[in-house]
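The data block below is coords-v2.cif; it holds mmCIF, C-alpha atoms.
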```cif
data_input
loop_
_atom_site.label_atom_id
_atom_site.label_comp_id
_atom_site.auth_asym_id
_atom_site.auth_seq_id
_atom_site.Cartn_x
_atom_site.Cartn_y
_atom_site.Cartn_z
CA MET A 1030 -4.38 -59.38 -81.09
CA ILE A 1031 -3.32 -57.81 -84.36
CA VAL A 1032 -4.87 -59.04 -87.60
CA PRO A 1033 -1.63 -58.99 -89.66
CA LEU A 1034 -0.05 -61.18 -86.99
CA VAL A 1035 -3.02 -63.57 -87.13
CA VAL A 1036 -2.57 -63.78 -90.90
CA ALA A 1037 1.18 -64.35 -90.50
CA VAL A 1038 0.53 -67.15 -87.99
CA THR A 1039 -1.98 -68.73 -90.39
CA VAL A 1040 0.48 -68.58 -93.32
CA VAL A 1041 3.39 -70.02 -91.34
CA ALA A 1042 1.15 -72.72 -89.82
CA GLY A 1043 -0.18 -73.59 -93.28
CA LEU A 1044 3.30 -73.82 -94.79
CA LEU A 1045 4.52 -75.93 -91.86
CA ALA A 1046 1.55 -78.29 -92.26
CA LEU A 1047 2.29 -78.60 -96.00
CA ALA A 1048 5.99 -79.25 -95.31
CA GLY A 1049 5.02 -81.91 -92.77
CA VAL A 1050 2.62 -83.70 -95.11
CA ALA A 1051 5.18 -83.42 -97.93
CA SER A 1052 7.86 -85.18 -95.88
CA THR A 1053 5.42 -87.98 -95.07
CA LEU A 1054 4.46 -88.36 -98.72
CA ALA A 1055 8.16 -88.36 -99.68
CA HIS A 1056 8.86 -91.10 -97.10
CA ARG A 1057 11.29 -88.84 -95.28
CA ARG A 1058 11.80 -87.81 -91.71
CA ILE A 1059 11.41 -84.20 -90.70
CA GLY A 1060 14.45 -82.00 -91.14
CA LEU A 1061 15.81 -78.69 -89.89
CA LEU A 1062 13.34 -76.86 -92.12
CA HIS A 1063 10.45 -78.24 -90.08
CA LEU A 1064 12.05 -77.40 -86.76
CA TRP A 1065 12.83 -73.85 -87.84
CA GLY A 1066 9.27 -73.53 -89.11
CA ALA A 1067 7.92 -74.65 -85.74
CA ALA A 1068 10.29 -72.24 -83.98
CA LEU A 1069 9.11 -69.33 -86.16
CA LEU A 1070 5.49 -70.25 -85.50
CA GLU A 1071 6.15 -70.38 -81.77
CA LEU A 1072 7.89 -66.98 -81.89
CA LEU A 1073 4.92 -65.39 -83.69
CA LEU A 1074 2.50 -66.91 -81.17
CA LEU A 1075 4.54 -65.66 -78.22
CA VAL A 1076 4.70 -62.13 -79.66
CA GLN A 1077 0.97 -62.20 -80.22
CA ALA A 1078 0.28 -63.56 -76.74
CA GLY A 1079 2.49 -60.84 -75.27
CA ILE A 1080 0.62 -58.11 -77.15
CA ALA A 1081 -2.75 -59.57 -76.13
CA VAL A 1082 -1.82 -59.76 -72.44
CA VAL A 1083 -0.45 -56.19 -72.44
CA LEU A 1084 -3.65 -54.89 -74.08
CA LEU A 1085 -5.80 -56.85 -71.62
CA LEU A 1086 -3.90 -55.37 -68.69
CA GLY A 1087 -4.69 -51.99 -70.23
CA GLU A 1088 -8.01 -50.80 -71.55
CA GLU A 1089 -9.09 -53.80 -73.61
CA ARG A 1090 -12.19 -55.67 -72.31
CA LEU A 1091 -13.51 -58.92 -73.78
CA ALA A 1092 -16.91 -60.62 -73.51
CA ASP A 1093 -15.26 -63.87 -72.47
CA THR A 1094 -11.78 -63.32 -71.07
CA PRO A 1095 -11.35 -66.76 -69.38
CA THR A 1096 -12.01 -68.63 -72.63
CA PHE A 1097 -9.66 -66.31 -74.49
CA LEU A 1098 -6.87 -66.91 -71.96
CA GLY A 1099 -7.52 -70.67 -72.08
CA TYR A 1100 -7.08 -70.73 -75.84
CA LEU A 1101 -4.08 -68.41 -75.62
CA ALA A 1102 -2.33 -70.72 -73.16
CA GLY A 1103 -3.20 -73.75 -75.28
CA ILE A 1104 -2.06 -72.37 -78.60
CA VAL A 1105 1.45 -71.45 -77.44
CA LEU A 1106 1.95 -75.04 -76.24
CA LEU A 1107 1.00 -76.64 -79.56
CA PRO A 1108 4.13 -76.01 -81.70
CA ILE A 1109 6.38 -77.08 -78.81
CA ALA A 1110 4.39 -80.25 -78.10
CA GLY A 1111 4.13 -81.04 -81.81
CA ALA A 1112 7.85 -80.55 -82.40
CA LEU A 1113 8.83 -82.68 -79.39
CA TRP A 1114 6.40 -85.46 -80.31
CA ALA A 1115 7.55 -85.39 -83.95
CA ARG A 1116 11.29 -85.30 -83.16
CA THR A 1117 11.21 -88.60 -81.30
CA GLU A 1118 9.38 -90.31 -84.17
CA PRO A 1119 11.90 -92.05 -86.42
CA SER A 1120 9.52 -92.79 -89.29
CA ARG A 1121 8.05 -90.67 -92.06
CA TRP A 1122 4.96 -90.05 -89.93
CA ALA A 1123 6.81 -87.40 -87.93
CA GLY A 1124 5.86 -84.86 -90.59
CA THR A 1125 2.16 -85.61 -90.24
CA VAL A 1126 2.39 -85.24 -86.47
CA LEU A 1127 3.83 -81.76 -86.96
CA ALA A 1128 1.15 -81.03 -89.57
CA VAL A 1129 -1.59 -81.90 -87.06
CA ALA A 1130 -0.15 -79.45 -84.53
CA ALA A 1131 0.31 -76.74 -87.18
CA GLY A 1132 -3.22 -77.26 -88.51
CA ALA A 1133 -4.66 -76.95 -85.01
CA VAL A 1134 -2.76 -73.67 -84.53
CA GLY A 1135 -4.12 -72.39 -87.84
CA VAL A 1136 -7.69 -73.07 -86.71
CA MET A 1137 -7.30 -71.96 -83.11
CA VAL A 1138 -5.77 -68.61 -84.00
CA TRP A 1139 -8.96 -67.61 -85.81
CA ARG A 1140 -11.07 -68.75 -82.87
CA LEU A 1141 -8.87 -66.50 -80.72
CA GLN A 1142 -9.43 -63.63 -83.13
CA GLU A 1143 -13.22 -64.15 -82.86
CA LEU A 1144 -13.05 -64.11 -79.07
CA TRP A 1145 -10.93 -60.97 -79.24
CA GLU A 1146 -13.41 -59.12 -81.42
CA ALA A 1147 -16.34 -59.95 -79.11
CA THR A 1148 -15.98 -57.08 -76.66
CA GLY A 1149 -17.66 -56.86 -73.30
CA GLY A 1150 -19.28 -53.56 -74.26
CA MET B 148 4.59 -100.25 -98.42
CA ALA B 149 4.70 -103.27 -96.19
CA GLU B 150 2.86 -103.69 -92.93
CA THR B 151 2.64 -101.07 -90.24
CA THR B 152 5.95 -99.62 -89.14
CA GLY B 153 4.38 -98.69 -85.86
CA ASP B 154 4.88 -101.69 -83.64
CA ARG B 155 8.03 -102.00 -81.65
CA PRO B 156 7.46 -104.91 -79.33
CA ALA B 157 9.98 -104.96 -76.53
CA GLY B 158 9.81 -108.19 -74.54
CA GLY B 159 6.34 -108.05 -73.03
CA GLN B 160 6.49 -104.31 -72.51
CA PRO B 161 3.60 -102.50 -74.19
CA ALA B 162 4.90 -100.90 -77.36
CA ALA B 163 4.68 -97.13 -77.38
CA ALA B 164 2.79 -95.61 -80.25
CA GLY B 165 4.86 -95.20 -83.38
CA GLY B 166 4.27 -94.52 -87.04
CA PRO B 167 0.64 -93.75 -87.89
CA GLY B 168 -0.28 -94.34 -84.25
CA ARG B 169 1.76 -91.32 -83.33
CA VAL B 170 -0.38 -89.16 -85.60
CA LEU B 171 -3.47 -90.50 -83.83
CA VAL B 172 -1.91 -89.58 -80.48
CA ALA B 173 -1.21 -86.07 -81.81
CA VAL B 174 -4.85 -85.59 -82.82
CA TYR B 175 -6.02 -86.94 -79.46
CA GLY B 176 -3.59 -84.62 -77.72
CA VAL B 177 -5.01 -81.60 -79.53
CA PHE B 178 -8.52 -82.59 -78.49
CA ALA B 179 -7.44 -83.25 -74.91
CA LEU B 180 -6.05 -79.72 -74.86
CA ALA B 181 -9.07 -78.10 -76.54
CA ALA B 182 -11.69 -79.97 -74.52
CA GLY B 183 -9.72 -79.53 -71.30
CA ALA B 184 -9.37 -75.78 -71.71
CA ARG B 185 -13.03 -75.47 -72.59
CA ALA B 186 -14.26 -77.58 -69.66
CA ALA B 187 -11.98 -75.78 -67.20
CA VAL B 188 -13.41 -72.41 -68.25
CA GLN B 189 -17.01 -73.63 -68.19
CA LEU B 190 -16.75 -75.29 -64.78
CA SER B 191 -14.89 -72.42 -63.14
CA THR B 192 -16.89 -69.49 -64.53
CA ARG B 193 -20.49 -70.58 -65.17
CA PHE B 194 -21.05 -74.03 -63.72
CA ALA B 195 -24.51 -73.15 -62.30
CA GLU B 196 -25.91 -72.27 -65.75
CA ALA B 197 -25.87 -75.83 -67.08
CA PRO B 198 -24.27 -78.27 -64.63
CA VAL B 199 -25.06 -81.42 -66.62
CA ALA B 200 -23.73 -80.06 -69.89
CA TYR B 201 -20.54 -78.79 -68.26
CA LEU B 202 -19.95 -82.01 -66.35
CA LEU B 203 -20.28 -83.89 -69.65
CA SER B 204 -17.83 -81.41 -71.11
CA ALA B 205 -15.40 -82.24 -68.32
CA LEU B 206 -15.99 -85.97 -68.88
CA ALA B 207 -15.15 -85.49 -72.57
CA ALA B 208 -11.92 -83.74 -71.63
CA ALA B 209 -11.00 -86.52 -69.18
CA VAL B 210 -11.72 -89.20 -71.79
CA TYR B 211 -9.47 -87.47 -74.31
CA VAL B 212 -6.66 -87.15 -71.79
CA VAL B 213 -6.92 -90.84 -70.79
CA ALA B 214 -7.11 -91.97 -74.44
CA THR B 215 -4.10 -89.81 -75.38
CA VAL B 216 -1.95 -91.18 -72.58
CA ALA B 217 -3.08 -94.79 -73.10
CA LEU B 218 -2.45 -94.65 -76.86
CA ALA B 219 0.92 -92.96 -76.37
CA ARG B 220 2.10 -95.54 -73.84
CA GLY B 221 0.59 -98.57 -75.52
CA GLY B 222 -2.04 -99.32 -72.88
CA ARG B 223 -4.40 -101.17 -75.20
CA ARG B 224 -7.11 -102.06 -72.72
CA VAL B 225 -7.35 -98.59 -71.19
CA ALA B 226 -7.32 -97.05 -74.66
CA LEU B 227 -10.09 -99.40 -75.77
CA VAL B 228 -12.30 -98.46 -72.80
CA ALA B 229 -11.61 -94.73 -73.17
CA ILE B 230 -12.31 -94.70 -76.90
CA THR B 231 -15.50 -96.74 -76.47
CA VAL B 232 -16.72 -94.26 -73.83
CA GLU B 233 -15.79 -91.50 -76.25
CA LEU B 234 -17.84 -93.03 -79.08
CA VAL B 235 -20.87 -93.55 -76.82
CA GLY B 236 -20.41 -90.05 -75.41
CA VAL B 237 -20.30 -88.27 -78.74
CA LEU B 238 -23.40 -90.14 -79.93
CA VAL B 239 -25.41 -89.58 -76.72
CA VAL B 240 -24.36 -85.97 -76.14
CA GLY B 241 -24.68 -85.21 -79.85
CA THR B 242 -28.26 -86.49 -79.85
CA LEU B 243 -29.18 -84.80 -76.54
CA SER B 244 -27.78 -81.46 -77.66
CA LEU B 245 -29.99 -81.54 -80.74
CA VAL B 246 -33.12 -82.80 -78.94
CA ASP B 247 -32.89 -80.57 -75.86
CA ARG B 248 -31.09 -77.40 -76.84
CA ALA B 249 -31.97 -75.61 -73.60
CA ALA B 250 -29.92 -78.08 -71.55
CA PHE B 251 -26.84 -77.35 -73.68
CA PRO B 252 -26.65 -73.55 -73.91
CA ASP B 253 -22.95 -73.58 -74.65
CA GLU B 254 -21.21 -75.63 -77.31
CA THR B 255 -19.16 -78.54 -76.02
CA VAL B 256 -16.81 -80.64 -78.13
CA TRP B 257 -19.53 -83.29 -78.46
CA SER B 258 -22.46 -80.95 -79.21
CA GLY B 259 -24.16 -81.74 -82.51
CA TYR B 260 -21.81 -84.73 -82.97
CA GLY B 261 -18.79 -82.43 -82.89
CA ARG B 262 -20.19 -80.04 -85.46
CA GLY B 263 -18.08 -77.18 -84.14
CA TYR B 264 -14.93 -79.24 -84.68
CA LEU B 265 -15.45 -80.39 -88.28
CA PHE B 266 -17.08 -83.60 -86.96
CA ILE B 267 -13.62 -84.83 -85.99
CA PRO B 268 -14.96 -85.92 -82.54
CA LEU B 269 -17.32 -88.28 -84.37
CA VAL B 270 -14.70 -89.73 -86.72
CA LEU B 271 -11.86 -89.93 -84.20
CA PRO B 272 -13.20 -92.79 -82.01
CA VAL B 273 -13.99 -94.86 -85.11
CA VAL B 274 -10.45 -94.37 -86.41
CA GLY B 275 -9.12 -95.09 -82.92
CA LEU B 276 -11.02 -98.38 -82.64
CA LEU B 277 -9.90 -99.46 -86.13
CA TYR B 278 -6.32 -98.61 -85.23
CA LEU B 279 -6.50 -100.61 -82.00
CA ARG B 280 -8.03 -103.57 -83.82
CA ARG B 281 -5.33 -103.55 -86.46
CA ALA B 282 -2.58 -103.12 -83.90
CA THR B 283 -3.93 -106.07 -81.89
CA ARG B 284 -4.09 -108.28 -84.95
CA THR B 285 -0.47 -107.63 -85.85
CA PRO B 286 1.32 -110.75 -84.64
CA SER B 287 3.67 -109.95 -81.81
CA PRO B 288 6.42 -112.32 -80.64
#
```
structure tokens encoding of this file:
Amino acid sequence: MIVPLVVAVTVVAGLLALAGVASTLAHRRIGLLHLWGAALLELLLLVQAGIAVVLLLGEERLADTPTFLGYLAGIVLLPIAGALWARTEPSRWAGTVLAVAAGAVGVMVWRLQELWEATGG
Amino acid sequence: MAETTGDRPAGGQPAAAGGPGRVLVAVYGVFALAAGARAAVQLSTRFAEAPVAYLLSALAAAVYVVATVALARGGRRVALVAITVELVGVLVVGTLSLVDRAAFPDETVWSGYGRGYLFIPLVLPVVGLLYLRRATRTPSP
């Protein structure tokens, strides 16, 4: 886990959530912008997950590794699930669906950061 | 805006969630994921510490999964049962976790009425029941 990456994930997730809510408020379906946003978010999460796993295989020790891995596995699924569930929604609510997934990523990434900082000592 | 855009009745087939219902399914899905991951970790790594609390945690996860699937596929009756169990669960576990803290050493999604999750676990079943009621009232051919 690298803090700048956590911040980047938060920013992209926040912007994606805003874009999703905006499309709902504008009575529009989601567009390419939303899908690219979800793809970028997923890419950042995968990079971060890769770094975390490499560090864990090395010297890094956490107080609660199983919980950390559980969250890590969950968070990388969220943008994909959100995008799939939103894409098949023909109404303006697709944007809000994506916003829910993005918001959850934004919260979970900080929970992950907390778990990362709690070291096993 | 006119009535809900969500219902797509298809000749007796239960209508899959659409419109605002789809947002509800998304929120339920997130909680199914969060509660499921949490319960899996608790049961597999430290079950002996607080068996009752962790079994309730697993029950919460199961309820969210059932509610998510039922809402997504339009299974009204199953969704109604699951969401009612969820409402009772969050109230009972929320109260127990405050009264007897020793029995709940680890936060679950329902601890303190979902305090650790912005109280969404407390609001969600109420929204779910209102949604189901409205969806049932909508006249279907």
| message | Excluding stretch 172-176 of chain B and its own-chain neighbours fewer than 2 positions away, which residues fall within 6 Å of it when counting only C-alpha atoms? Please give them as a ChimeraX atom specification. | response | /A:1126 /B:169-170,178-179,215
| Which of A:Val1035, A:Gln1077, A:Val1129, A:Ala1051 sits closest to chain B [using only C-alpha atoms] | A:Val1129
Result set of the PyMOL selection byres ((chain B) within 10 of (chain A)) on the coordinates above, as a PDB file with C-alpha atoms, keeping the file's coordinate frame:
```
ATOM      1  CA  THR B 152       5.950 -99.620 -89.140  1.00  0.00           C
ATOM      2  CA  GLY B 153       4.380 -98.690 -85.860  1.00  0.00           C
ATOM      3  CA  ALA B 164       2.790 -95.610 -80.250  1.00  0.00           C
ATOM      4  CA  GLY B 165       4.860 -95.200 -83.380  1.00  0.00           C
ATOM      5  CA  GLY B 166       4.270 -94.520 -87.040  1.00  0.00           C
ATOM      6  CA  PRO B 167       0.640 -93.750 -87.890  1.00  0.00           C
ATOM      7  CA  GLY B 168      -0.280 -94.340 -84.250  1.00  0.00           C
ATOM      8  CA  ARG B 169       1.760 -91.320 -83.330  1.00  0.00           C
ATOM      9  CA  VAL B 170      -0.380 -89.160 -85.600  1.00  0.00           C
ATOM     10  CA  LEU B 171      -3.470 -90.500 -83.830  1.00  0.00           C
ATOM     11  CA  VAL B 172      -1.910 -89.580 -80.480  1.00  0.00           C
ATOM     12  CA  ALA B 173      -1.210 -86.070 -81.810  1.00  0.00           C
ATOM     13  CA  VAL B 174      -4.850 -85.590 -82.820  1.00  0.00           C
ATOM     14  CA  GLY B 176      -3.590 -84.620 -77.720  1.00  0.00           C
ATOM     15  CA  VAL B 177      -5.010 -81.600 -79.530  1.00  0.00           C
ATOM     16  CA  PHE B 178      -8.520 -82.590 -78.490  1.00  0.00           C
ATOM     17  CA  LEU B 180      -6.050 -79.720 -74.860  1.00  0.00           C
ATOM     18  CA  ALA B 181      -9.070 -78.100 -76.540  1.00  0.00           C
ATOM     19  CA  GLY B 183      -9.720 -79.530 -71.300  1.00  0.00           C
ATOM     20  CA  ALA B 184      -9.370 -75.780 -71.710  1.00  0.00           C
ATOM     21  CA  ARG B 185     -13.030 -75.470 -72.590  1.00  0.00           C
ATOM     22  CA  ALA B 186     -14.260 -77.580 -69.660  1.00  0.00           C
ATOM     23  CA  ALA B 187     -11.980 -75.780 -67.200  1.00  0.00           C
ATOM     24  CA  VAL B 188     -13.410 -72.410 -68.250  1.00  0.00           C
ATOM     25  CA  GLN B 189     -17.010 -73.630 -68.190  1.00  0.00           C
ATOM     26  CA  SER B 191     -14.890 -72.420 -63.140  1.00  0.00           C
ATOM     27  CA  THR B 192     -16.890 -69.490 -64.530  1.00  0.00           C
ATOM     28  CA  TYR B 264     -14.930 -79.240 -84.680  1.00  0.00           C
TER      29      TYR B 264
END
```
| said: Here's the selection I'm unsure about, the PyMOL selection byres ((chain B and resi 197-207) around 7); applied to the file above, which residues does it give, as a list in words? | reply: Ala182, Gly183, Ala186, Gln189, Leu190, Phe194, Ala195, Glu196, Ala208, Ala209, Val210, Tyr211, Ala250, Phe251 and Thr255 of chain B
| said: Which residues would end up in the selection if the PyMOL selection byres ((chain A and resi 1078) around 10) were applied here, given that I need the answer as a list in words? | reply: Met1030, Leu1072, Leu1073, Leu1074, Leu1075, Val1076, Gln1077, Gly1079, Ile1080, Ala1081, Val1082, Val1083, Leu1084, Leu1098, Leu1101, Ala1102, Ile1104 and Val1105 of chain A
| query | So what do you get for atom CA of A:Leu1045 versus atom CA of B:Leu218, distance-wise? | reply | 25.0 Å
